[in-house]
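Accompanying notes for the structure given below.
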Amino acid sequence: MTAPDYTYATIDPTLPPQTDSLGSAAIVTEAYTVIPHSVMRDIVASFLPEWTGTRAWILNRPIASGATTFAQLVLEVQPGGGSDAPEPQPEVEGFLFVLSGEFTLVLDGETHVLTAGGFAFVPPAATWSLHNTGAEAGQFHWFRKRHEFVAGLTPAAIVGNDHDLEPIPMAGTDGKWSTSRPIDPTDLAYDMHVTVVTFEPGAKIPFLETHVMEHGIYVLEGNAVYRLNDDWVELQPGDYFSLRAFCPQACYAGGPGRFRYLLYKDVNRQITL
């Protein structure tokens with residue numbers, strides 16, 4: 001079987017020249033936020049005390065009038081950099097997705113090498129470390145969510161690679177819209193899913209999805225227009241947007257190539273009142 005020719009957009013932190021105009025800009029509304037790749041520059045990166053040789057772009061944090069269930073970061077780690085104790089909150093679970101480079105993950109005593117497309121679900125209270133053991137800087141997404149504990153339901157660690165997942169076609173789409181799922185959607189131990197969604201040219205979401213799940217969406221490859229509330233937003237590789245609960249949403253992938261994105265959503269829990 002031939003490995004899929006997937007690509008994974010990374011952040012280019014280089015400042016644009018002084019001759020550039022505001023060709024694209026972030027959008028912040030009460031229903032959604034769009035952070036295009038053009039604004040993810042060197043001067044908006046942060047440093048984290050738990051990490052060495054690392055800088056982070058924080059794409060989402062729980063905030064008033066924003067998505068509240070998760071944090072999402074892109075970390076760039078230099079060769080030899082990383083962390084022996086990445087997660088400062090033991091009640092928080094995580095999901096890692098590698099965009100570039102080579103990382104060695106030690107998770108509850110087991111060692112894994114993650115390259116582009118590699119992923120790992122890290123359960124709450126897990127013991128883990130992550131280091132860049134490659135020759136070049138690497139980037140990865142890190143989703144963090146406070147786990148909603150339910151008696152008798154304990155999520156287990158999951159490690160794999162996007163290239164090894166079989167995309168599951170959406171019903172009635174002739175395979176033009178599919179989802180690659182690292183986490184079994186029927187396993188109620190997990191209260192978050194991170195998936196990769198693929199649209200072939202011309203495919204679309206043919207209705208305005210309106211649901212309680214919040215989203216964090218990062219474009220891995222391709223181009224599309226997304227309907228968010230009453231607006232159509234053009235998207236390209238490296239763009240990011242987050243959606244509040246109940247923000248109406250739809251998508252049209254106009255081509256010329258396929259459109260793929262990394263998707264977070266919160267799932268499988270009763271509403272706390």
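Chain lettering (A, B, ...) mirrors the order of the structure tokens, residue numbering begins at 1 for each chain separately, and ligand numbering begins at 1 in order of display.
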| request: With a distance cut-off of 8 Å and only C-alpha atoms, select the neighbouring residues of A:Leu263, excluding the residue or stretch itself and same-chain residues fewer than 4 positions from it, and output the selection as a VMD selection string. | output: chain A and resid 193 to 197 215 to 218
| said: I want to know what sits within 6 Å of stretch 147-160 of chain A, based on only C-alpha atoms, with residues of the same chain fewer than 3 positions away left out; could you give that as a ChimeraX atom specification? | reply: /A:92-93,118-123,189-190
| said: Residues within 7 Å of stretch 56-71 of chain A, please, as a list in words. Count only C-alpha atoms; anything in the same chain fewer than 2 positions from it doesn't count. | reply: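 Result of the neighbour search: Glu30, Val44, Ala45, Ser46, Phe47, Thr54, Leu73, Val74, Leu75, Glu76, Phe143, Arg144, Lys145, Glu214, Ser242, Leu243 and Arg244 of chain A.
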| note | In Å and to one decimal, atom CA of A:Gln139 is distant from atom CA of A:Pro201 by 27.5 Å
| field | Nearest candidate to A:Phe259 (options A:Gly238, A:Gly101, A:Pro86, A:Gly53; using only C-alpha atoms) | value |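 Looking at the shortest contact to A:Phe259, the residue is A:Gly238.
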| request: From a DSSP calculation on the backbone, collect every residue of stretch 71-127 of chain A in strand (DSSP E or B) and output the set as JSON, numbers by chain. | output: {"A": [71, 72, 73, 74, 75, 76, 77, 78, 79, 80, 81, 82, 83, 92, 93, 94, 95, 96, 97, 98, 99, 100, 103, 104, 105, 106, 107, 110, 111, 112, 113, 114, 118, 119, 120, 121, 122]}
Just write the chosen residues, C-alpha atoms, as a PDB file, in the first residue's frame.
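Saved the output as out33.pdb:
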```pdb
ATOM      1  CA  ALA A  71      -6.175  25.502  24.897  1.00  0.00           C
ATOM      2  CA  GLN A  72      -4.352  25.007  21.603  1.00  0.00           C
ATOM      3  CA  LEU A  73      -0.711  25.797  20.931  1.00  0.00           C
ATOM      4  CA  VAL A  74       1.829  25.269  18.182  1.00  0.00           C
ATOM      5  CA  LEU A  75       5.266  24.620  19.663  1.00  0.00           C
ATOM      6  CA  GLU A  76       8.501  24.970  17.700  1.00  0.00           C
ATOM      7  CA  VAL A  77      11.335  23.010  19.317  1.00  0.00           C
ATOM      8  CA  GLN A  78      14.993  23.292  18.367  1.00  0.00           C
ATOM      9  CA  PRO A  79      17.214  20.170  18.122  1.00  0.00           C
ATOM     10  CA  GLY A  80      17.910  18.933  21.641  1.00  0.00           C
ATOM     11  CA  GLY A  81      15.104  21.027  23.101  1.00  0.00           C
ATOM     12  CA  GLY A  82      11.968  19.784  24.810  1.00  0.00           C
ATOM     13  CA  SER A  83      10.647  19.024  28.271  1.00  0.00           C
ATOM     14  CA  VAL A  92      -5.345  18.101  32.147  1.00  0.00           C
ATOM     15  CA  GLU A  93      -5.242  15.701  29.197  1.00  0.00           C
ATOM     16  CA  GLY A  94      -3.419  16.432  25.968  1.00  0.00           C
ATOM     17  CA  PHE A  95      -3.242  15.632  22.285  1.00  0.00           C
ATOM     18  CA  LEU A  96      -0.069  16.099  20.237  1.00  0.00           C
ATOM     19  CA  PHE A  97       0.051  16.294  16.427  1.00  0.00           C
ATOM     20  CA  VAL A  98       3.389  16.702  14.658  1.00  0.00           C
ATOM     21  CA  LEU A  99       3.683  19.030  11.668  1.00  0.00           C
ATOM     22  CA  SER A 100       7.425  18.706  11.035  1.00  0.00           C
ATOM     23  CA  PHE A 103      10.328  13.989  18.308  1.00  0.00           C
ATOM     24  CA  THR A 104      10.889  11.297  20.897  1.00  0.00           C
ATOM     25  CA  LEU A 105       7.941  10.863  23.244  1.00  0.00           C
ATOM     26  CA  VAL A 106       8.292   8.839  26.440  1.00  0.00           C
ATOM     27  CA  LEU A 107       4.771   8.189  27.711  1.00  0.00           C
ATOM     28  CA  GLU A 110       7.125   3.602  26.628  1.00  0.00           C
ATOM     29  CA  THR A 111       9.225   5.334  23.955  1.00  0.00           C
ATOM     30  CA  HIS A 112       7.755   6.487  20.634  1.00  0.00           C
ATOM     31  CA  VAL A 113       9.254   8.400  17.713  1.00  0.00           C
ATOM     32  CA  LEU A 114       6.848  10.912  16.159  1.00  0.00           C
ATOM     33  CA  GLY A 118       2.431  11.518  14.234  1.00  0.00           C
ATOM     34  CA  PHE A 119      -0.003  11.939  17.096  1.00  0.00           C
ATOM     35  CA  ALA A 120      -0.476  10.994  20.737  1.00  0.00           C
ATOM     36  CA  PHE A 121      -3.339  11.254  23.193  1.00  0.00           C
ATOM     37  CA  VAL A 122      -1.885  11.869  26.659  1.00  0.00           C
TER      38      VAL A 122
END
```
| said: List as a ChimeraX atom specification the protein and nucleic acid residues near A:Asp239, meaning an atom at most 12 Å away when only C-alpha atoms are counted, but skip any in the same chain fewer than 6 places from it. | reply: /A:8-12,24-27,33-40,59,216-226,233,260-262
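If you look at atom CA of A:Thr7 and atom CA of A:Phe140, they are 13.4 Å away from each other.
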I'd like the neighbourhood of A:Gly109 as a JSON list (two decimals) with C-alpha atoms, in the first residue's frame, where a residue qualifies if any of its atoms comes within 10 Å (using only C-alpha atoms), though same-chain residues fewer than 4 positions away should be ignored.
```
[["chain", "number", "residue", "atom", "x", "y", "z"],
["A", 105, "LEU", "CA", 7.94, 10.86, 23.24],
["A", 126, "ALA", "CA", 0.30, 10.63, 32.75],
["A", 127, "THR", "CA", 4.07, 10.76, 33.12],
["A", 128, "TRP", "CA", 5.59, 11.95, 29.88],
["A", 129, "SER", "CA", 8.40, 13.82, 28.21]]
```
| query | Using only C-alpha atoms, which residue out of A:Ala125, A:Ala3, A:Leu15, A:Ala203 lies closest to A:Arg258? | reply | A:Ala203
| note | note - atom CA of A:Gln236 and atom CA of A:Ala250 are separated by 15.8 Å
